[in-house]
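The file my_file20.cif contains mmCIF, C-alpha atoms:
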```cif
data_target
loop_
_atom_site.label_atom_id
_atom_site.label_comp_id
_atom_site.auth_asym_id
_atom_site.auth_seq_id
_atom_site.Cartn_x
_atom_site.Cartn_y
_atom_site.Cartn_z
CA MET A 264 121.10 -107.11 55.24
CA ALA A 265 118.28 -106.66 52.75
CA GLN A 266 114.98 -105.49 54.16
CA PRO A 267 112.13 -108.02 53.75
CA THR A 268 109.43 -107.15 51.23
CA TYR A 269 105.88 -107.47 52.46
CA GLN A 270 103.34 -108.55 49.87
CA LYS A 271 99.82 -109.90 49.97
CA PRO A 272 99.47 -113.71 49.80
CA LYS A 273 99.15 -115.28 46.37
CA GLY A 274 95.55 -115.40 45.18
CA THR A 275 94.39 -112.43 47.26
CA ALA A 276 93.79 -108.79 46.34
CA ASP A 277 93.75 -105.37 47.96
CA LEU A 278 90.45 -103.59 47.41
CA LEU A 279 91.47 -99.94 47.39
CA PRO A 280 89.35 -96.80 47.82
CA GLY A 281 87.61 -96.04 44.54
CA GLU A 282 87.32 -99.71 43.66
CA SER A 283 85.65 -100.39 47.00
CA ALA A 284 82.98 -97.80 46.11
CA LYS A 285 82.07 -99.91 43.05
CA TRP A 286 81.88 -103.06 45.15
CA HIS A 287 79.74 -101.28 47.72
CA TYR A 288 77.34 -100.18 44.98
CA VAL A 289 76.96 -103.74 43.65
CA GLU A 290 76.47 -105.13 47.15
CA GLU A 291 73.88 -102.47 48.02
CA THR A 292 72.07 -103.19 44.76
CA ALA A 293 71.84 -106.83 45.88
CA ARG A 294 70.61 -105.84 49.35
CA LEU A 295 67.89 -103.57 47.96
CA LEU A 296 66.73 -106.01 45.28
CA PHE A 297 66.74 -109.07 47.55
CA SER A 298 64.69 -107.19 50.14
CA ASP A 299 61.99 -106.78 47.47
CA TYR A 300 61.82 -110.58 47.44
CA GLN A 301 61.72 -110.66 51.28
CA TYR A 302 65.27 -111.96 51.82
CA ASN A 303 67.15 -110.82 54.93
CA GLU A 304 70.91 -110.80 55.49
CA VAL A 305 72.69 -113.48 57.53
CA ARG A 306 76.36 -113.41 58.56
CA THR A 307 78.14 -116.63 59.50
CA PRO A 308 81.73 -117.32 60.69
CA LEU A 309 84.58 -117.33 58.17
CA PHE A 310 85.60 -120.74 59.52
CA GLU A 311 83.58 -123.75 60.59
CA SER A 312 84.15 -127.29 61.71
CA PHE A 313 85.66 -129.23 58.78
CA GLU A 314 82.74 -131.67 58.88
CA VAL A 315 80.23 -128.92 58.03
CA PHE A 316 81.76 -128.77 54.55
CA SER A 317 82.94 -132.36 54.10
CA ARG A 318 79.49 -133.78 54.95
CA THR A 319 77.63 -131.36 52.69
CA SER A 320 79.95 -130.77 49.75
CA GLY A 321 80.78 -134.46 49.31
CA ASP A 322 83.99 -136.34 50.08
CA THR A 323 84.77 -136.74 46.36
CA SER A 324 84.17 -133.13 45.32
CA ASP A 325 87.15 -131.00 44.28
CA VAL A 326 86.23 -128.55 47.04
CA VAL A 327 86.94 -131.15 49.73
CA THR A 328 89.69 -133.20 48.09
CA LYS A 329 91.80 -130.38 46.61
CA GLU A 330 90.68 -126.88 47.48
CA MET A 331 89.84 -126.69 51.19
CA TYR A 332 91.95 -124.54 53.49
CA ASP A 333 91.78 -126.69 56.62
CA PHE A 334 93.90 -126.98 59.75
CA TYR A 335 93.88 -128.17 63.36
CA ASP A 336 93.63 -125.37 65.91
CA LYS A 337 95.24 -125.23 69.36
CA GLY A 338 92.39 -127.29 70.79
CA ASP A 339 93.07 -129.99 68.14
CA ARG A 340 89.76 -129.17 66.42
CA HIS A 341 89.63 -129.75 62.66
CA ILE A 342 88.72 -126.34 61.22
CA ALA A 343 88.18 -125.16 57.63
CA LEU A 344 87.91 -121.71 56.11
CA ARG A 345 84.57 -121.60 54.35
CA PRO A 346 84.89 -122.56 50.65
CA GLU A 347 81.24 -121.66 49.90
CA GLY A 348 78.30 -120.07 51.69
CA THR A 349 75.40 -122.53 51.72
CA ALA A 350 76.68 -125.06 54.26
CA GLY A 351 77.41 -122.42 56.91
CA VAL A 352 74.04 -120.74 56.39
CA VAL A 353 72.20 -124.06 56.74
CA ARG A 354 74.27 -124.89 59.84
CA ALA A 355 73.18 -121.55 61.35
CA PHE A 356 69.57 -122.27 60.36
CA VAL A 357 69.67 -125.61 62.19
CA GLU A 358 71.67 -124.49 65.23
CA ASN A 359 69.38 -121.50 65.84
CA LYS A 360 66.24 -123.63 65.27
CA LEU A 361 64.91 -121.32 62.57
CA PHE A 362 62.92 -124.28 61.24
CA GLY A 363 60.38 -123.86 64.07
CA PRO A 364 56.70 -123.22 63.29
CA GLU A 365 56.95 -119.65 64.62
CA TYR A 366 59.09 -118.67 61.62
CA GLN A 367 57.72 -117.80 58.16
CA LYS A 368 58.38 -120.43 55.48
CA PRO A 369 60.16 -120.39 53.21
CA TYR A 370 62.76 -118.80 55.46
CA LYS A 371 64.70 -116.50 53.12
CA MET A 372 68.29 -115.38 53.73
CA PHE A 373 71.12 -113.83 51.72
CA TYR A 374 74.82 -113.44 52.47
CA ILE A 375 77.72 -111.36 51.14
CA GLY A 376 81.31 -112.12 52.10
CA PRO A 377 84.69 -113.77 51.52
CA MET A 378 85.23 -117.48 50.78
CA PHE A 379 88.50 -119.41 50.50
CA ARG A 380 89.71 -122.10 48.11
CA TYR A 381 93.22 -123.26 47.35
CA GLU A 382 93.29 -123.21 43.55
CA ARG A 383 95.30 -121.68 40.73
CA PRO A 384 94.60 -117.93 40.63
CA GLN A 385 93.36 -116.61 37.29
CA ALA A 386 91.06 -113.91 35.92
CA GLY A 387 88.10 -113.63 38.27
CA ARG A 388 89.17 -116.66 40.33
CA MET A 389 91.09 -116.06 43.56
CA ARG A 390 92.10 -118.01 46.66
CA GLN A 391 90.24 -115.48 48.76
CA PHE A 392 87.17 -114.57 46.77
CA HIS A 393 83.77 -113.08 47.53
CA GLN A 394 80.27 -114.37 46.98
CA ILE A 395 76.74 -113.03 47.04
CA GLY A 396 74.29 -115.83 47.68
CA VAL A 397 70.72 -116.57 48.73
CA GLU A 398 69.05 -119.50 50.48
CA ALA A 399 65.31 -120.18 50.84
CA LEU A 400 64.43 -123.01 53.23
CA GLY A 401 61.16 -124.77 53.92
CA SER A 402 59.31 -125.11 50.60
CA GLU A 403 59.26 -127.82 47.92
CA SER A 404 57.49 -125.63 45.36
CA PRO A 405 58.94 -125.50 41.82
CA ALA A 406 57.49 -121.96 41.76
CA LEU A 407 60.05 -121.01 44.43
CA ASP A 408 62.82 -122.39 42.20
CA ALA A 409 61.50 -120.22 39.36
CA GLU A 410 61.34 -117.14 41.61
CA THR A 411 64.94 -117.75 42.74
CA ILE A 412 66.07 -117.94 39.12
CA ALA A 413 64.05 -114.81 38.28
CA MET A 414 65.74 -112.95 41.13
CA VAL A 415 69.29 -113.67 39.94
CA ILE A 416 68.36 -112.65 36.38
CA ASP A 417 66.72 -109.50 37.79
CA PHE A 418 69.93 -108.69 39.69
CA PHE A 419 72.16 -108.93 36.62
CA GLN A 420 69.76 -106.92 34.49
CA THR A 421 69.53 -104.22 37.18
CA LEU A 422 73.33 -103.87 36.99
CA GLY A 423 73.15 -103.60 33.20
CA VAL A 424 74.62 -107.02 32.36
CA THR A 425 73.53 -108.13 28.91
CA ASN A 426 74.00 -111.24 26.77
CA LEU A 427 72.86 -113.66 29.47
CA LYS A 428 72.19 -117.36 28.96
CA LEU A 429 70.33 -119.49 31.50
CA THR A 430 70.82 -123.26 31.49
CA VAL A 431 68.67 -125.54 33.64
CA ASN A 432 68.64 -129.22 34.45
CA SER A 433 67.09 -131.65 36.91
CA LEU A 434 69.06 -134.16 38.96
CA GLY A 435 65.78 -135.73 40.09
CA ASP A 436 65.15 -137.44 43.41
CA LEU A 437 67.23 -140.20 45.01
CA ALA A 438 65.59 -142.93 42.95
CA SER A 439 66.21 -140.98 39.73
CA ARG A 440 69.86 -140.51 40.59
CA GLU A 441 70.37 -144.16 41.51
CA ASN A 442 68.81 -145.30 38.22
CA TYR A 443 70.96 -142.86 36.30
CA ARG A 444 74.08 -143.78 38.27
CA GLN A 445 73.88 -147.36 37.06
CA ALA A 446 73.33 -146.26 33.46
CA LEU A 447 76.23 -143.81 33.63
CA ILE A 448 78.59 -146.46 35.06
CA ALA A 449 77.62 -148.81 32.26
CA TYR A 450 78.41 -146.08 29.71
CA LEU A 451 81.69 -144.91 31.28
CA GLN A 452 83.17 -148.30 32.18
CA PRO A 453 84.37 -149.14 28.64
CA HIS A 454 86.11 -145.74 28.53
CA ALA A 455 87.67 -146.02 32.00
CA ALA A 456 91.26 -146.27 30.76
CA GLU A 457 90.81 -143.10 28.67
CA LEU A 458 89.52 -140.99 31.56
CA SER A 459 91.77 -138.66 33.55
CA ALA A 460 93.20 -140.00 36.81
CA ASP A 461 90.73 -137.91 38.82
CA SER A 462 87.76 -139.18 36.83
CA GLN A 463 88.89 -142.78 37.19
CA VAL A 464 88.68 -142.32 40.96
CA ARG A 465 85.32 -140.55 40.63
CA LEU A 466 83.98 -143.39 38.48
CA GLU A 467 84.45 -145.69 41.47
CA GLN A 468 83.27 -143.28 44.17
CA ASN A 469 80.79 -140.87 42.57
CA PRO A 470 80.22 -141.32 38.82
CA LEU A 471 78.09 -138.16 38.43
CA ARG A 472 81.17 -136.16 39.36
CA VAL A 473 82.79 -137.26 36.05
CA LEU A 474 80.24 -135.08 34.24
CA ASP A 475 81.72 -132.06 36.05
CA SER A 476 85.30 -132.74 34.89
CA LYS A 477 87.18 -129.89 33.23
CA ASP A 478 89.55 -132.27 31.45
CA ALA A 479 89.14 -131.92 27.65
CA LYS A 480 89.29 -135.68 27.00
CA ASP A 481 86.78 -136.37 29.79
CA GLN A 482 84.43 -133.80 28.31
CA GLU A 483 84.71 -135.50 24.93
CA ILE A 484 83.73 -138.83 26.47
CA VAL A 485 80.81 -137.57 28.59
CA ALA A 486 79.36 -135.69 25.60
CA GLY A 487 77.88 -139.01 24.49
CA ALA A 488 76.69 -140.10 27.94
CA PRO A 489 73.00 -140.80 28.54
CA SER A 490 70.89 -137.92 29.88
CA ILE A 491 69.70 -137.96 33.46
CA LEU A 492 66.39 -136.53 32.22
CA GLU A 493 65.68 -139.94 30.67
CA TYR A 494 65.83 -141.55 34.15
CA LEU A 495 63.59 -139.23 36.16
CA THR A 496 60.90 -140.92 38.23
CA PRO A 497 57.28 -139.87 37.46
CA ASP A 498 57.27 -137.52 40.47
CA ALA A 499 60.60 -135.96 39.54
CA LYS A 500 59.52 -135.60 35.92
CA ALA A 501 56.27 -133.87 36.94
CA ARG A 502 58.25 -131.46 39.09
CA TRP A 503 60.68 -130.78 36.24
CA GLU A 504 57.76 -129.96 33.94
CA GLN A 505 56.23 -127.63 36.57
CA LEU A 506 59.52 -125.71 36.78
CA GLN A 507 59.62 -125.21 33.02
CA ALA A 508 55.99 -124.06 33.01
CA ALA A 509 56.78 -121.52 35.75
CA LEU A 510 59.80 -120.17 33.87
CA ASP A 511 57.70 -119.91 30.70
CA ALA A 512 55.00 -118.04 32.63
CA LEU A 513 57.61 -115.51 33.81
CA GLY A 514 58.90 -115.04 30.27
CA ILE A 515 62.39 -116.26 31.20
CA ASP A 516 64.41 -117.71 28.30
CA TYR A 517 66.37 -120.85 29.16
CA GLU A 518 68.19 -123.81 27.65
CA ILE A 519 68.05 -127.37 28.97
CA ASP A 520 71.54 -128.82 29.51
CA ALA A 521 71.50 -132.35 30.91
CA ASN A 522 75.26 -132.22 31.63
CA VAL A 523 74.96 -129.41 34.18
CA VAL A 524 75.55 -131.06 37.56
CA ARG A 525 77.25 -128.24 39.58
CA GLY A 526 80.33 -128.87 41.72
CA LEU A 527 78.81 -129.89 45.06
CA ASP A 528 77.10 -133.13 46.06
CA TYR A 529 74.16 -131.64 47.95
CA TYR A 530 72.11 -130.67 44.88
CA ASN A 531 68.97 -132.51 43.73
CA HIS A 532 66.05 -131.70 41.42
CA THR A 533 66.54 -128.18 39.97
CA ILE A 534 70.03 -126.96 39.14
CA PHE A 535 70.89 -123.96 36.98
CA GLU A 536 73.70 -121.73 35.75
CA VAL A 537 73.67 -118.18 34.42
CA MET A 538 76.33 -117.59 31.78
CA THR A 539 77.65 -114.77 29.62
CA GLN A 540 80.26 -114.19 26.94
CA SER A 541 82.97 -111.63 27.64
CA PRO A 542 86.67 -111.49 26.67
CA ALA A 543 87.33 -110.28 30.22
CA LEU A 544 86.35 -113.72 31.56
CA GLY A 545 87.79 -115.97 28.88
CA ARG A 546 86.59 -117.64 25.72
CA GLY A 547 83.07 -118.91 25.14
CA TRP A 548 80.23 -118.97 27.63
CA VAL A 549 81.40 -118.45 31.22
CA THR A 550 79.32 -119.13 34.33
CA ILE A 551 78.70 -116.05 36.51
CA ALA A 552 76.09 -117.56 38.85
CA GLY A 553 74.84 -121.01 39.71
CA GLY A 554 72.66 -122.84 42.17
CA GLY A 555 69.82 -125.22 42.67
CA ARG A 556 67.81 -127.26 45.13
CA TYR A 557 69.28 -129.18 48.08
CA ASN A 558 66.46 -131.02 49.80
CA GLY A 559 68.58 -133.16 52.13
CA LEU A 560 71.06 -130.60 53.44
CA VAL A 561 69.15 -129.43 56.54
CA GLU A 562 68.72 -133.03 57.68
CA GLU A 563 72.39 -133.77 56.94
CA LEU A 564 73.39 -131.06 59.43
CA GLY A 565 71.15 -132.31 62.23
CA GLY A 566 67.86 -130.55 61.45
CA PRO A 567 64.49 -131.91 60.39
CA GLU A 568 63.76 -132.99 56.84
CA MET A 569 63.32 -129.65 55.11
CA PRO A 570 63.87 -128.57 51.48
CA GLY A 571 65.98 -125.64 50.30
CA VAL A 572 67.02 -123.78 47.17
CA GLY A 573 69.60 -121.07 46.50
CA PHE A 574 72.35 -119.67 44.31
CA GLY A 575 75.81 -118.09 44.52
CA ILE A 576 77.45 -115.30 42.50
CA GLY A 577 81.22 -114.75 42.35
CA LEU A 578 81.86 -111.05 42.93
CA GLU A 579 85.39 -110.91 41.44
CA ARG A 580 84.12 -112.33 38.18
CA LEU A 581 81.09 -110.03 38.20
CA MET A 582 83.25 -106.93 38.78
CA LEU A 583 85.51 -107.87 35.86
CA LEU A 584 82.43 -108.27 33.69
CA LEU A 585 80.94 -104.91 34.74
CA ALA A 586 84.25 -103.16 34.03
CA ALA A 587 84.45 -104.76 30.57
CA GLU A 588 80.89 -103.64 29.79
CA ASN A 589 81.57 -100.09 31.03
CA ALA A 590 78.73 -100.36 33.53
CA SER A 591 77.82 -97.17 35.35
CA LEU A 592 79.47 -97.63 38.75
CA PRO A 593 80.48 -94.91 41.23
CA GLU A 594 84.22 -94.49 41.79
CA ALA A 595 84.07 -92.34 44.94
CA THR A 596 81.46 -90.61 47.04
CA PRO A 597 81.39 -86.87 46.18
CA VAL A 598 81.62 -84.42 49.05
CA ASP A 599 78.63 -82.15 49.67
CA VAL A 600 80.49 -79.18 51.15
CA TYR A 601 84.21 -78.37 51.10
CA VAL A 602 85.44 -75.75 53.60
CA ALA A 603 88.44 -73.72 52.40
CA ASN A 604 90.21 -71.45 54.85
CA GLN A 605 93.30 -69.28 54.99
CA GLY A 606 94.60 -66.80 57.51
CA GLU A 607 95.22 -66.45 61.20
CA GLY A 608 92.44 -67.75 63.41
CA THR A 609 90.51 -69.48 60.59
CA ASP A 610 91.78 -73.01 61.23
CA VAL A 611 89.71 -73.65 64.35
CA VAL A 612 86.60 -72.07 62.78
CA ALA A 613 87.01 -74.28 59.70
CA LEU A 614 87.23 -77.33 61.96
CA GLN A 615 84.06 -76.27 63.77
CA MET A 616 82.36 -75.62 60.42
CA VAL A 617 82.93 -79.10 58.94
CA GLN A 618 81.62 -80.69 62.13
CA ALA A 619 78.53 -78.46 62.05
CA ILE A 620 77.92 -79.38 58.40
CA ARG A 621 78.15 -83.10 59.20
CA SER A 622 75.69 -82.66 62.07
CA PHE A 623 73.10 -81.63 59.44
CA GLY A 624 73.64 -84.91 57.59
CA TYR A 625 75.86 -83.59 54.79
CA SER A 626 79.33 -84.89 53.96
CA ALA A 627 82.12 -82.37 54.46
CA ASP A 628 85.87 -82.06 54.11
CA ARG A 629 88.57 -79.42 54.47
CA ASP A 630 92.31 -78.89 54.05
CA TYR A 631 94.75 -80.30 56.62
CA LEU A 632 97.99 -79.49 54.77
CA ASP A 633 98.02 -75.68 55.21
CA ARG A 634 97.77 -75.17 51.44
CA LYS A 635 96.95 -71.94 49.64
CA LEU A 636 93.31 -71.30 48.66
CA LYS A 637 93.99 -72.12 44.99
CA ALA A 638 95.20 -75.61 45.97
CA GLN A 639 92.20 -76.07 48.24
CA PHE A 640 89.84 -75.13 45.39
CA LYS A 641 91.53 -77.78 43.23
CA ALA A 642 91.07 -80.33 46.03
CA ALA A 643 87.36 -79.48 46.21
CA ASP A 644 87.12 -79.98 42.44
CA ARG A 645 88.89 -83.37 42.61
CA GLN A 646 86.39 -84.48 45.25
CA ASN A 647 83.45 -83.37 43.08
CA ALA A 648 82.25 -81.03 45.83
CA ARG A 649 78.78 -79.56 45.31
CA TYR A 650 79.39 -76.47 47.46
CA ILE A 651 82.40 -74.67 48.88
CA ILE A 652 82.52 -72.41 51.93
CA THR A 653 85.46 -69.98 51.89
CA LEU A 654 86.72 -68.35 55.05
CA GLY A 655 89.55 -65.80 55.32
CA GLU A 656 90.72 -63.26 57.87
CA ARG A 657 88.34 -60.59 56.52
CA GLU A 658 85.36 -62.96 56.66
CA LEU A 659 86.37 -64.00 60.17
CA ALA A 660 86.46 -60.37 61.29
CA GLU A 661 82.95 -59.90 59.87
CA GLN A 662 81.78 -63.26 61.28
CA SER A 663 80.73 -64.35 57.79
CA ALA A 664 81.75 -66.77 55.04
CA ASN A 665 81.21 -67.15 51.29
CA LEU A 666 78.98 -70.06 50.17
CA LYS A 667 79.31 -71.04 46.51
CA ASN A 668 77.31 -73.49 44.40
CA LEU A 669 80.03 -75.16 42.31
CA THR A 670 77.51 -76.39 39.75
CA THR A 671 75.92 -73.02 38.94
CA GLY A 672 78.75 -70.71 40.07
CA THR A 673 76.35 -68.72 42.27
CA GLU A 674 78.01 -67.29 45.40
CA ILE A 675 76.57 -65.48 48.45
CA SER A 676 77.87 -64.16 51.76
CA VAL A 677 76.30 -65.70 54.88
CA LYS A 678 76.76 -64.96 58.56
CA LEU A 679 78.60 -67.73 60.42
CA ALA A 680 75.84 -67.93 63.02
CA GLU A 681 73.32 -68.60 60.23
CA LEU A 682 75.47 -71.34 58.72
CA TYR A 683 75.89 -73.01 62.12
CA THR A 684 72.16 -73.02 62.83
CA ASN A 685 70.44 -73.12 59.44
CA LEU A 686 72.81 -74.47 56.81
CA PRO A 687 70.21 -76.63 54.95
CA ALA A 688 68.04 -73.58 54.26
CA TYR A 689 70.95 -71.80 52.60
CA ILE A 690 71.99 -74.83 50.56
CA ASP A 691 68.48 -75.82 49.50
CA ASP A 692 66.88 -72.40 49.19
CA VAL A 693 69.12 -69.33 49.24
CA VAL A 694 71.77 -70.52 46.79
CA GLU A 695 69.19 -72.10 44.46
CA ASP A 696 67.00 -68.97 44.63
CA ALA A 697 69.97 -66.78 43.82
CA ALA A 698 70.76 -68.93 40.78
CA ALA A 699 67.15 -68.71 39.61
CA SER A 700 67.19 -64.92 40.10
CA GLU A 701 70.31 -64.57 37.98
CA GLU A 702 68.72 -66.61 35.19
CA THR A 703 65.64 -64.33 35.27
CA GLU A 704 67.77 -61.18 35.01
#
```

Once more with this new file: its structure as structure tokens, please.
Amino acid sequence: MAQPTYQKPKGTADLLPGESAKWHYVEETARLLFSDYQYNEVRTPLFESFEVFSRTSGDTSDVVTKEMYDFYDKGDRHIALRPEGTAGVVRAFVENKLFGPEYQKPYKMFYIGPMFRYERPQAGRMRQFHQIGVEALGSESPALDAETIAMVIDFFQTLGVTNLKLTVNSLGDLASRENYRQALIAYLQPHAAELSADSQVRLEQNPLRVLDSKDAKDQEIVAGAPSILEYLTPDAKARWEQLQAALDALGIDYEIDANVVRGLDYYNHTIFEVMTQSPALGRGWVTIAGGGRYNGLVEELGGPEMPGVGFGIGLERLMLLLAAENASLPEATPVDVYVANQGEGTDVVALQMVQAIRSFGYSADRDYLDRKLKAQFKAADRQNARYIITLGERELAEQSANLKNLTTGTEISVKLAELYTNLPAYIDDVVEDAAASEETE
């Protein structure tokens, strides 16, 4: 009987050591940068009640109708794996009453973690994928929208991503959208028979969703549709103009694209996408981040009326882009000190030595395969060790060890008792001083 083969599920990936170091670097870059903007990390469950996503994403969105991983658990509760981050974060905001007056507004949060959507896997698009996202709740200010956009641009530029294009649009307020909805229906109705089956359904249920269709024929038809910017109410138009003035003041280049509507129903007023061109992601301009304002979402999930704005970045797509652009990313963490030992009685001392080194805050490693010293030296080299401590039977008899700077080649003999009690002094002073002395001679 053939043995079963065990493989990861379709649309998932193993993140192996080396690659995970690159991901960690990108995630830490986000954490450090977002903290400069006073955002703090939030972690929400990987699954939520189905209604958290169906109420917020929209019953006619692709996320709800086609892509959700949902199921009934043993308590007959309708559960869904999170397909995006915003709804869960807002649910946590409401449930934990973070809207109270004792909390600073806007209340700024960011998240990093896996999301799940049942869709066709392709380059940078997986069934289990990862997002970095931010949410700022409690302010209507267009200046906050501009700051949010500036932060995502800042993040990409910090990582060395070039050739960015920012597109912005306004979906206006409820009155703007209702006025535009009627105009869009009037435009699309004569073309109804030519639309894809999905868009024919959307035309009846949510006409704005037709603008988001990926069908080539649909895109041809909507190219001639009226612009929502022509239907903004005076208040929405004033807000739209304030956003543009803020972006101009920050020196941020942008293009206005009235067909940008994003894929989820909770957006209103400002929406935006950050795009780039890279063969690694496909042809033409490809979206690598997107977001906008969602002023009714907190109320939709049981909280008070409170505005919000945020964005999401797909990490798989970003990592493909960084690899294609040969961005400077670490592959593995180098070891500070490698301990090489050979001979009777040295094994236990080497074990004690690596633990002592770690107690000083340095990283350390040693051989566990009983290899010859030459093989251990090669292992230290592969791990990009900065220093190596060598211990043999003779050194053990003398209660000493050799400490070598692998960058300069300088080597000294040090008493074991000194290494155990004062290792940093030898690493930071003695070895460096010896190297300087050799240069002087």

If you count all atoms listed in the file, which residues fall within 6 Å of range 600-616 of chain A, apart from same-chain ones fewer than 4 positions away, as an MDAnalysis selection string?
chainID A and resid 627:629 643 648 650:656

Distance in Å - CA of His341 in chain A versus CA of Thr319 in chain A
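Distance between the two atoms: 15.7 Å.
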
Two-atom distance - CA of Gly547 in chain A, CA of Leu422 in chain A (Å)
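Computing the Euclidean distance for CA of Gly547 in chain A and CA of Leu422 in chain A yields 21.5 Å.
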
Return the single residue from A:Pro687, A:Pro593, A:Gly348, A:Gly571 that is closest to His287 in chain A, with distances computed using only C-alpha atoms.
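Result for the nearest residue to His287 in chain A: A:Pro593.
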
Rank nothing, just name the residue among A:Ala409, A:Gln540, A:Leu510, A:Gly559 nearest to Arg318 in chain A, using all atoms listed in the file.
A:Gly559

List the spatial neighbours of Leu592 in chain A as JSON, numbers by chain - criterion: any atom at most 10 Å away, all atoms listed in the file, same-chain residues fewer than 2 positions off excluded.
{"A": [282, 284, 285, 286, 287, 288, 289, 422, 585, 586, 589, 590, 594, 595]}

Just the number, please: distance in Å from CA of Glu382 in chain A to CA of Val431 in chain A, one decimal.
26.6 Å
